[in-house]
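What follows is the content of protein-v5.txt (compact mmCIF, C-alpha atoms).
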```
# COMPACT_ATOMS: atom_id res chain seq x y z
CA LEU J 1 278.56 111.26 103.38
CA ASN J 2 278.03 109.76 106.82
CA ILE J 3 276.87 112.41 109.27
CA LEU J 4 277.00 112.47 113.08
CA VAL J 5 273.49 113.24 114.36
CA ASP J 6 273.99 115.73 117.18
CA THR J 7 271.14 117.11 119.30
CA GLY J 8 273.67 119.23 121.20
CA SER J 9 274.60 121.67 118.41
CA SER J 10 272.83 123.50 115.59
CA ASN J 11 275.07 123.73 112.50
CA PHE J 12 274.99 121.35 109.55
CA ALA J 13 278.61 120.97 108.45
CA VAL J 14 280.57 118.57 106.25
CA ALA J 15 284.20 118.17 105.26
CA GLY J 16 284.91 120.58 102.40
CA VAL J 17 288.53 119.63 101.72
CA PRO J 18 290.56 116.40 101.97
CA ASP J 19 291.55 115.37 105.50
CA PRO J 20 293.78 112.48 106.65
CA ASP J 21 290.97 111.15 108.85
CA VAL J 22 288.17 111.56 106.32
CA THR J 23 287.47 109.14 103.46
CA SER J 24 285.11 111.46 101.52
CA TYR J 25 284.39 115.16 101.35
CA PHE J 26 282.03 117.61 99.65
CA ASN J 27 283.71 119.34 96.70
CA THR J 28 281.56 122.46 96.27
CA GLU J 29 283.06 123.17 92.84
CA LEU J 30 281.35 120.05 91.49
CA SER J 31 277.92 121.19 92.68
CA SER J 32 275.90 123.29 90.26
CA THR J 33 273.47 124.30 93.03
CA TYR J 34 275.94 125.28 95.76
CA LYS J 35 276.13 128.99 96.60
CA SER J 36 278.72 130.37 98.99
CA GLN J 37 277.55 133.04 101.42
CA GLY J 38 281.14 134.09 102.03
CA ILE J 39 280.65 134.00 105.80
CA ASP J 40 283.35 132.39 107.94
CA VAL J 41 282.11 130.23 110.80
CA THR J 42 283.90 128.54 113.69
CA VAL J 43 282.33 126.02 116.05
CA LYS J 44 284.09 124.88 119.22
CA TYR J 45 283.17 121.72 121.10
CA SER J 46 284.37 120.43 124.45
CA GLN J 47 286.82 118.40 122.42
CA GLY J 48 287.71 119.64 118.97
CA SER J 49 286.71 122.50 116.73
CA TRP J 50 286.35 123.38 113.09
CA THR J 51 286.39 126.45 110.86
CA GLY J 52 284.64 126.73 107.53
CA VAL J 53 282.48 128.79 105.22
CA LEU J 54 278.70 129.05 105.18
CA GLY J 55 276.83 128.33 101.98
CA THR J 56 273.57 126.90 100.71
CA ASP J 57 272.77 123.87 98.62
CA VAL J 58 269.86 121.68 97.63
CA ILE J 59 269.14 118.39 99.34
CA THR J 60 266.62 115.65 98.62
CA ILE J 61 265.17 113.30 101.22
CA PRO J 62 265.08 109.80 99.69
CA LYS J 63 262.29 108.41 101.87
CA GLY J 64 259.01 109.89 103.10
CA ILE J 65 259.52 113.59 102.34
CA ASP J 66 259.19 114.05 98.59
CA GLY J 67 260.98 117.07 97.17
CA SER J 68 264.16 119.14 97.12
CA TYR J 69 264.98 121.76 99.74
CA THR J 70 267.55 124.53 100.09
CA ILE J 71 269.46 124.41 103.35
CA ASN J 72 272.42 126.13 105.00
CA ILE J 73 275.58 124.04 104.95
CA ALA J 74 279.02 124.82 106.31
CA THR J 75 281.99 123.33 104.50
CA ILE J 76 284.76 122.49 106.97
CA LEU J 77 288.11 123.79 105.72
CA GLU J 78 290.20 123.41 108.89
CA SER J 79 289.64 121.35 112.02
CA GLU J 80 291.37 120.31 115.20
CA ASN J 81 290.53 117.07 117.03
CA PHE J 82 287.20 116.97 115.21
CA PHE J 83 287.68 114.26 112.59
CA LEU J 84 289.21 111.42 114.60
CA PRO J 85 291.34 108.50 113.37
CA GLY J 86 289.23 105.53 112.28
CA VAL J 87 285.84 107.26 112.39
CA LYS J 88 283.51 106.73 109.46
CA TRP J 89 281.68 110.04 109.54
CA HIS J 90 282.39 113.10 107.44
CA GLY J 91 280.33 115.81 109.08
CA ILE J 92 277.78 116.73 111.70
CA LEU J 93 274.04 117.44 111.64
CA GLY J 94 273.14 119.78 114.48
CA LEU J 95 269.50 119.34 115.50
CA ALA J 96 269.34 121.68 118.52
CA TYR J 97 267.60 125.08 118.46
CA ASN J 98 268.73 128.04 116.35
CA ALA J 99 269.93 129.81 119.54
CA LEU J 100 273.11 127.70 119.27
CA ALA J 101 273.68 128.23 115.53
CA LYS J 102 276.96 129.90 114.54
CA PRO J 103 277.99 132.56 113.77
CA SER J 104 274.59 133.77 114.98
CA SER J 105 271.09 132.51 115.72
CA SER J 106 269.90 134.06 112.43
CA VAL J 107 271.42 131.09 110.55
CA GLU J 108 268.43 128.84 109.90
CA THR J 109 269.07 125.26 111.04
CA PHE J 110 268.71 122.21 108.82
CA PHE J 111 265.56 121.02 110.57
CA ASP J 112 263.94 124.46 110.70
CA SER J 113 264.49 124.74 106.93
CA LEU J 114 262.88 121.35 106.42
CA VAL J 115 259.87 122.19 108.61
CA ARG J 116 259.34 125.49 106.76
CA GLN J 117 259.79 124.20 103.20
CA ALA J 118 258.43 120.64 103.40
CA LYS J 119 255.60 121.60 105.78
CA ILE J 120 256.37 118.64 108.06
CA PRO J 121 255.44 118.66 111.77
CA ASN J 122 258.04 120.30 114.03
CA ILE J 123 259.09 117.03 115.66
CA PHE J 124 261.81 114.43 115.12
CA SER J 125 262.72 111.24 116.91
CA LEU J 126 265.85 109.19 117.36
CA GLN J 127 266.50 105.52 118.09
CA MET J 128 270.15 104.74 118.83
CA CYS J 129 271.04 101.05 118.85
CA GLY J 130 274.19 99.50 120.28
CA ALA J 131 273.37 98.20 123.75
CA GLY J 132 275.90 95.57 124.81
CA LEU J 133 277.84 95.76 121.55
CA PRO J 134 281.61 96.27 121.71
CA VAL J 135 282.79 99.86 121.43
CA SER J 136 285.17 100.16 118.48
CA GLY J 137 287.04 102.98 116.84
CA SER J 138 285.09 102.81 113.59
CA GLY J 139 281.93 100.82 114.07
CA THR J 140 278.42 102.16 113.68
CA ASN J 141 275.66 100.43 115.56
CA GLY J 142 272.67 101.47 113.52
CA GLY J 143 269.45 103.10 114.54
CA SER J 144 266.84 105.43 113.05
CA LEU J 145 266.26 109.15 112.68
CA VAL J 146 262.64 110.05 111.92
CA LEU J 147 262.10 113.61 110.65
CA GLY J 148 258.60 114.99 111.14
CA GLY J 149 257.04 112.38 113.39
CA ILE J 150 257.05 109.23 115.49
CA GLU J 151 257.43 105.67 114.20
CA PRO J 152 255.39 103.18 116.31
CA SER J 153 257.59 100.20 115.45
CA LEU J 154 260.59 101.83 117.12
CA TYR J 155 259.27 101.71 120.70
CA LYS J 156 257.39 99.57 123.19
CA GLY J 157 254.89 100.68 125.83
CA ASP J 158 254.04 104.31 126.57
CA ILE J 159 255.89 107.51 125.75
CA TRP J 160 256.65 109.68 128.78
CA TYR J 161 257.24 113.38 128.19
CA THR J 162 259.26 115.94 130.13
CA PRO J 163 259.11 119.70 129.32
CA VAL J 164 261.95 121.51 127.58
CA LYS J 165 262.99 124.12 130.16
CA GLU J 166 264.76 126.38 127.69
CA GLU J 167 265.05 126.23 123.92
CA TRP J 168 268.76 126.22 123.12
CA TYR J 169 270.03 122.77 124.01
CA TYR J 170 267.22 120.33 124.81
CA GLN J 171 267.36 121.34 128.46
CA VAL J 172 265.26 119.25 130.84
CA GLU J 173 264.69 119.11 134.60
CA ILE J 174 266.09 116.19 136.57
CA LEU J 175 264.60 115.62 140.02
CA LYS J 176 266.71 112.83 141.49
CA LEU J 177 268.99 109.88 140.80
CA GLU J 178 268.89 106.39 142.26
CA VAL J 179 271.59 103.72 142.27
CA GLY J 180 270.31 100.21 142.89
CA GLY J 181 266.98 101.68 144.00
CA GLN J 182 268.60 103.93 146.63
CA ASN J 183 268.13 107.71 146.35
CA LEU J 184 271.40 109.68 146.31
CA GLU J 185 269.69 112.24 148.61
CA LEU J 186 271.27 115.25 146.90
CA ASP J 187 269.62 118.65 146.49
CA CYS J 188 267.83 118.39 143.14
CA ARG J 189 269.56 121.57 141.93
CA GLU J 190 272.85 119.64 141.95
CA TYR J 191 271.54 117.52 139.05
CA ASN J 192 270.76 120.60 136.96
CA ALA J 193 274.01 122.54 137.58
CA ASP J 194 274.28 124.45 135.45
CA LYS J 195 272.00 122.66 133.01
CA ALA J 196 270.76 119.15 132.20
CA ILE J 197 270.50 118.34 128.50
CA VAL J 198 269.71 115.47 126.13
CA ASP J 199 272.61 115.26 123.67
CA SER J 200 273.15 112.47 121.15
CA GLY J 201 276.58 113.92 120.27
CA THR J 202 277.94 112.99 123.69
CA THR J 203 278.84 109.34 124.01
CA LEU J 204 278.85 108.99 127.80
CA LEU J 205 276.45 109.91 130.59
CA ARG J 206 278.15 113.00 132.02
CA LEU J 207 277.40 114.12 135.57
CA PRO J 208 278.35 117.26 137.55
CA GLN J 209 281.34 116.48 139.78
CA LYS J 210 279.40 116.25 143.05
CA VAL J 211 276.77 113.98 141.46
CA PHE J 212 279.45 111.88 139.74
CA SER J 213 281.28 111.29 143.03
CA ALA J 214 278.04 110.27 144.75
CA VAL J 215 277.15 107.87 141.91
CA VAL J 216 280.60 106.24 141.95
CA GLN J 217 280.46 105.81 145.73
CA ALA J 218 276.98 104.32 145.51
CA ILE J 219 277.94 101.92 142.71
CA ALA J 220 281.08 100.85 144.57
CA ARG J 221 279.05 100.39 147.75
CA THR J 222 276.31 98.30 146.13
CA SER J 223 278.56 96.44 143.70
CA LEU J 224 279.57 92.88 144.49
CA ILE J 225 283.21 93.80 143.79
CA GLN J 226 285.16 94.63 146.92
CA GLU J 227 288.27 96.19 145.41
CA PHE J 228 288.09 98.42 142.35
CA SER J 229 290.77 100.62 140.80
CA SER J 230 289.99 104.34 140.88
CA GLY J 231 291.30 104.53 137.30
CA PHE J 232 288.27 102.58 136.10
CA TRP J 233 285.87 105.23 137.42
CA THR J 234 287.86 108.11 135.92
CA GLY J 235 288.13 106.45 132.51
CA SER J 236 291.90 105.97 132.54
CA GLN J 237 291.76 102.18 133.03
CA LEU J 238 289.70 99.29 131.75
CA ALA J 239 288.35 96.43 133.83
CA CYS J 240 288.79 92.95 132.36
CA TRP J 241 287.18 89.58 132.98
CA ASP J 242 287.48 86.16 131.40
CA LYS J 243 285.49 86.04 128.15
CA THR J 244 283.17 83.42 129.62
CA GLU J 245 282.08 85.82 132.39
CA ARG J 246 279.44 88.52 132.23
CA PRO J 247 280.31 91.18 134.83
CA TRP J 248 277.00 93.04 134.48
CA SER J 249 275.40 91.02 137.27
CA LEU J 250 277.92 92.61 139.66
CA PHE J 251 276.58 96.15 139.16
CA PRO J 252 273.33 97.96 140.08
CA LYS J 253 270.87 99.69 137.78
CA LEU J 254 270.84 103.49 137.53
CA SER J 255 267.60 105.53 137.50
CA ILE J 256 267.03 109.15 136.48
CA TYR J 257 263.81 110.91 137.53
CA LEU J 258 262.45 113.54 135.14
CA ARG J 259 259.61 115.97 135.79
CA ASP J 260 256.43 115.00 133.96
CA GLU J 261 254.36 117.48 131.91
CA ASN J 262 252.10 117.48 134.95
CA SER J 263 254.57 119.19 137.28
CA SER J 264 253.27 117.36 140.36
CA ARG J 265 254.34 114.05 138.81
CA SER J 266 257.59 112.50 137.65
CA PHE J 267 258.73 109.38 135.82
CA ARG J 268 262.00 107.51 135.86
CA ILE J 269 264.17 106.13 133.09
CA SER J 270 266.47 103.31 134.20
CA ILE J 271 269.49 101.77 132.56
CA LEU J 272 270.92 98.40 133.51
CA PRO J 273 274.71 97.85 133.76
CA GLN J 274 274.75 96.47 130.20
CA LEU J 275 274.47 100.10 129.05
CA TYR J 276 277.04 101.77 131.31
CA ILE J 277 279.61 98.94 131.67
CA GLN J 278 280.68 98.93 128.03
CA PRO J 279 282.74 96.20 126.31
CA ILE J 280 285.76 97.34 124.29
CA LEU J 281 286.57 95.59 121.02
CA GLY J 282 289.68 93.46 120.63
CA ILE J 283 291.81 93.85 123.77
CA GLY J 284 292.96 90.35 124.66
CA GLU J 285 292.56 86.75 123.45
CA ASN J 286 291.00 85.31 126.58
CA LEU J 287 289.85 88.51 128.26
CA GLN J 288 286.96 90.89 127.59
CA CYS J 289 287.63 94.39 128.83
CA TYR J 290 285.09 97.07 129.72
CA ARG J 291 285.02 100.83 130.23
CA PHE J 292 282.88 102.90 132.58
CA GLY J 293 280.22 104.69 130.50
CA ILE J 294 279.82 107.59 132.96
CA SER J 295 282.15 110.56 133.39
CA SER J 296 282.32 113.81 135.33
CA SER J 297 281.43 117.18 133.85
CA THR J 298 282.24 120.76 134.82
CA ASN J 299 279.21 122.48 133.32
CA ALA J 300 276.26 120.15 132.74
CA LEU J 301 274.52 116.85 133.29
CA VAL J 302 274.44 115.31 129.82
CA ILE J 303 272.13 112.45 128.93
CA GLY J 304 274.31 111.08 126.12
CA ALA J 305 274.36 107.89 124.08
CA THR J 306 275.08 105.71 127.15
CA VAL J 307 271.48 106.40 128.23
CA MET J 308 269.88 107.18 124.86
CA GLU J 309 270.76 103.72 123.50
CA GLY J 310 268.14 102.36 125.88
CA PHE J 311 265.29 104.48 124.55
CA TYR J 312 263.39 105.88 121.60
CA VAL J 313 263.71 109.63 122.19
CA ILE J 314 261.16 112.08 120.76
CA PHE J 315 262.15 115.74 120.34
CA ASP J 316 258.70 117.33 120.16
CA ARG J 317 259.64 120.94 119.42
CA ALA J 318 256.05 121.89 118.57
CA GLN J 319 254.92 121.14 122.12
CA ARG J 320 258.27 121.99 123.74
CA ARG J 321 258.88 118.57 125.26
CA VAL J 322 261.18 115.53 125.06
CA GLY J 323 259.68 112.05 125.17
CA PHE J 324 261.17 108.72 126.21
CA ALA J 325 259.93 105.21 125.42
CA VAL J 326 261.64 101.83 125.75
CA SER J 327 263.50 100.85 122.57
CA PRO J 328 263.14 97.27 121.20
CA CYS J 329 266.84 97.29 120.24
CA ALA J 330 267.85 97.87 123.88
CA GLU J 331 268.28 94.16 124.61
CA VAL J 332 271.29 92.05 125.52
CA ASP J 333 271.06 88.26 125.29
CA GLY J 334 267.31 88.62 124.76
CA SER J 335 266.66 90.62 127.93
CA PRO J 336 265.73 94.35 128.05
CA VAL J 337 268.38 96.65 129.52
CA SER J 338 266.23 99.76 129.95
CA GLU J 339 263.00 100.57 131.80
CA ILE J 340 260.50 103.41 132.17
CA GLU J 341 258.19 103.61 135.17
CA GLY J 342 255.75 106.16 136.57
CA PRO J 343 254.01 108.25 137.57
CA PHE J 344 255.57 109.22 140.90
CA THR J 345 254.76 112.17 143.12
CA THR J 346 257.11 115.15 143.25
CA ALA J 347 256.13 116.08 146.81
CA ASP J 348 259.61 115.12 148.05
CA VAL J 349 261.50 117.52 145.73
CA ALA J 350 261.56 121.27 145.19
CA SER J 351 258.98 122.86 142.89
CA ASN J 352 261.85 124.10 140.70
CA CYS J 353 265.16 122.25 140.46
CA VAL J 354 266.66 124.52 137.83
CA SER J 355 268.62 127.01 139.92
CA SER J 356 268.87 129.96 137.54
CA VAL J 357 268.49 131.09 133.95
CA SER J 358 271.52 130.16 131.86
CA PHE J 359 273.00 133.26 130.27
CA HIS J 360 273.69 132.17 126.75
CA GLU J 361 273.75 134.12 123.50
CA PRO J 362 270.11 135.31 123.06
CA VAL J 363 269.85 136.38 126.72
CA LEU J 364 273.07 138.36 126.43
CA TRP J 365 271.82 140.09 123.29
CA ILE J 366 268.58 141.06 125.05
CA ALA J 367 270.58 142.40 128.00
CA SER J 368 272.83 144.31 125.62
CA TYR J 369 269.90 145.96 123.86
CA ALA J 370 268.26 146.82 127.19
CA LEU J 371 271.46 148.46 128.44
CA MET J 372 271.90 150.32 125.16
CA SER J 373 268.32 151.59 125.36
CA LEU J 374 268.95 152.78 128.92
CA CYS J 375 272.16 154.43 127.77
CA GLY J 376 270.25 156.16 124.98
CA ILE J 377 267.56 157.48 127.35
CA ILE J 378 270.16 158.83 129.78
CA LEU J 379 272.07 160.51 126.98
CA LEU J 380 268.87 162.01 125.58
CA VAL J 381 268.08 163.52 128.98
CA LEU J 382 271.62 164.89 129.24
CA ILE J 383 271.39 166.39 125.76
CA ILE J 384 268.16 168.12 126.61
CA LEU J 385 269.50 169.38 129.93
CA LEU J 386 272.81 170.58 128.57
CA LEU J 387 271.43 171.76 125.21
CA ILE J 388 274.32 170.26 123.31
CA PRO J 389 274.10 167.96 120.27
CA PRO J 390 276.59 165.04 120.74
CA ARG J 391 275.30 161.56 119.83
CA CYS J 392 276.04 158.19 121.37
CA GLN J 393 277.11 155.67 118.78
CA HIS J 394 278.23 152.11 119.13
CA ARG J 395 279.68 149.91 116.45
CA TYR J 396 279.65 146.21 116.83
CA THR J 397 282.88 144.29 116.53
CA ASP J 398 283.67 140.61 116.76
CA ASN J 399 284.40 141.11 120.46
CA ASP J 400 280.73 141.94 121.08
CA VAL J 401 279.58 138.47 120.08
CA VAL J 402 279.42 135.98 122.92
CA ASN J 403 280.09 132.51 121.53
CA ASP J 404 278.80 129.62 123.57
CA GLU J 405 280.32 126.19 123.03
CA SER J 406 277.74 124.60 120.80
CA SER J 407 278.04 121.02 121.97
CA LEU J 408 279.47 118.82 124.66
CA VAL J 409 280.86 116.12 122.38
CA ARG J 410 283.51 114.21 124.26
CA HIS J 411 284.76 110.61 124.07
CA ARG J 412 283.04 110.66 120.70
CA TRP J 413 284.64 107.48 119.40
CA LYS J 414 282.04 104.76 119.09
```

Could you spell out this file's structure in structure tokens?
Amino acid sequence: LNILVDTGSSNFAVAGVPDPDVTSYFNTELSSTYKSQGIDVTVKYSQGSWTGVLGTDVITIPKGIDGSYTINIATILESENFFLPGVKWHGILGLAYNALAKPSSSVETFFDSLVRQAKIPNIFSLQMCGAGLPVSGSGTNGGSLVLGGIEPSLYKGDIWYTPVKEEWYYQVEILKLEVGGQNLELDCREYNADKAIVDSGTTLLRLPQKVFSAVVQAIARTSLIQEFSSGFWTGSQLACWDKTERPWSLFPKLSIYLRDENSSRSFRISILPQLYIQPILGIGENLQCYRFGISSSTNALVIGATVMEGFYVIFDRAQRRVGFAVSPCAEVDGSPVSEIEGPFTTADVASNCVSSVSFHEPVLWIASYALMSLCGIILLVLIILLLIPPRCQHRYTDNDVVNDESSLVRHRWK
């Protein structure tokens, strides 16, 4: 089965029944090692959702990690806008932290199981390739997923690390954005509203509305194109040129500044227009059409595949950090389309650009237990004072569970 590698969710799930948009599926009845846990699970994404049943089965890793390992696997029985027409994948491998696992964080993730059983280092790395290649409904552009380490042949130059601010998504701290070398001059908290994450399951670079508007205005201002349809920026229209032309020279490069492990320093990752002005496969005979690889978001800044295709990205969970290095496959016509530079001082930005703690599932559970403890203490005092024996009991129902959307997958067609 082909699996979508998603650093923005935490469940490993595959098609468990036939589906019109799926060419293969996992028939659990044909597996002698599959064991159903009988637990229903539903995962909702920004676009699409699925419902299935949790179980366990044995997997083997064909290269590098020798052995068989028992892992949790959800078989998808019903879905809506999850398996899309023409896609060649049959499931999803969530590689985020267990805080996002459904139906609860007690479900051990695929990678946590592997780290525990295979005794591999708690680190994985991802190289996504596809810079400058046409976006199609079914194509896969290749790349590498390295479980348990870093592969030197997959990057050039140095690796720059930024701390993980909170272990649910891979939440990082963005300090500023530049378009064509010009700072957007926004409050740095705007970039992190309400979180900034690194998510391979999101195709585009998604920006909070205020940041998105500023980026579009800056690109339009620095672009060599005088008139541009607003539909291009919002994703509802394509822009087309003669096939002999390369429009990338008309657009500026985009830079994202991330806080370094040394908090007084930062580094910047830059993508050239070849990564965010994306060719679409097979539109016209004499024309090549392109889409805008950046979109607006209501709840996060998401460093998705538009940016990740320029870099080798290291998810160093052991040291709670995400690393970026230039990827050798991020080249178009023999020229690199991504850059990393640093260090820079952070004297011109706030000491903390993450405005507040995000209240997701574990935090809400802690708050619930704290309030229940307080309730218990108050009731105990009342019992003693009133010398009567009633007890305070609370039974959990499904309504007590706060389900966070486990990924921000949108425009997932590649």

Output as JSON the centre and edge lengths (Å, one decimal) of the box along x, y and z of the file that holds every listed atom of segment 104-109 of chain J after adding 5 Å on each side.
```
{"center_x": 271.5, "center_y": 129.7, "center_z": 112.8, "size_x": 16.2, "size_y": 18.8, "size_z": 15.8}
```

Nearest to Tyr191 of chain J, chosen from J:Asn352, J:Gln319, J:Ser24, J:Thr56, with all atoms listed in the file counted in the distances
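Closest to Tyr191 of chain J, using all atoms listed in the file: J:Asn352.
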
Kindly give the distance, in Å, that separates atom CA of Asp19 of chain J and atom CA of Thr109 of chain J, rounded to a single decimal.
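Interatomic distance here is 25.2 Å.
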
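Picture a line from atom CA of Ala101 of chain J to atom CA of Leu114 of chain J; it runs 15.7 Å.
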
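In this model, the gap between atom CA of Asn183 of chain J and atom CA of Val216 of chain J comes to 13.3 Å.
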
Counting only C-alpha atoms, I want the residues whose atoms come within 12 Å of (276.8, 130.8, 100.1) in the file frame, returned as a VMD selection string.
chain J and resid 28 33 to 41 52 to 58 70 to 75 107

Which of these, J:Phe267, J:Phe26, J:Trp233, J:Tyr170, has the shortest distance to Asp316 of chain J once you count all atoms listed in the file?
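Nearest candidate to Asp316 of chain J out of J:Phe267, J:Phe26, J:Trp233, J:Tyr170: J:Tyr170.
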
Of the candidates J:Gln278, J:Gln127, J:Thr222, J:Ser46, which one gets nearest to Ser200 of chain J if we count all atoms listed in the file?
J:Gln127

From the list J:Leu175, J:Leu254, J:Ile61, J:Ile294, which residue is nearest Ser213 of chain J when using all atoms listed in the file?
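Going through J:Leu175, J:Leu254, J:Ile61, J:Ile294 one by one, the smallest distance to Ser213 of chain J is for J:Ile294.
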
Using all atoms listed in the file, which protein or nucleic acid residues come within 8 Å of Thr7 of chain J? Drop anything in the same chain fewer than 5 positions from it, and give the result as a count of residues only.
9

Residue with the minimum atom-to-atom distance to Gly148 of chain J, picked from J:Ala214, J:Ile3, J:Ile314, J:Ile197 with only C-alpha atoms counted, is J:Ile314

Distance criterion (all atoms listed in the file): nearest to Phe315 of chain J out of J:Ile277, J:Leu126, J:Leu154, J:Leu380:
J:Leu126

Ref. answer, residues at most 8 Å from (257.4, 121.9, 128.0) with all atoms listed in the file, as a ChimeraX atom specification
/J:162-165,261,319-322
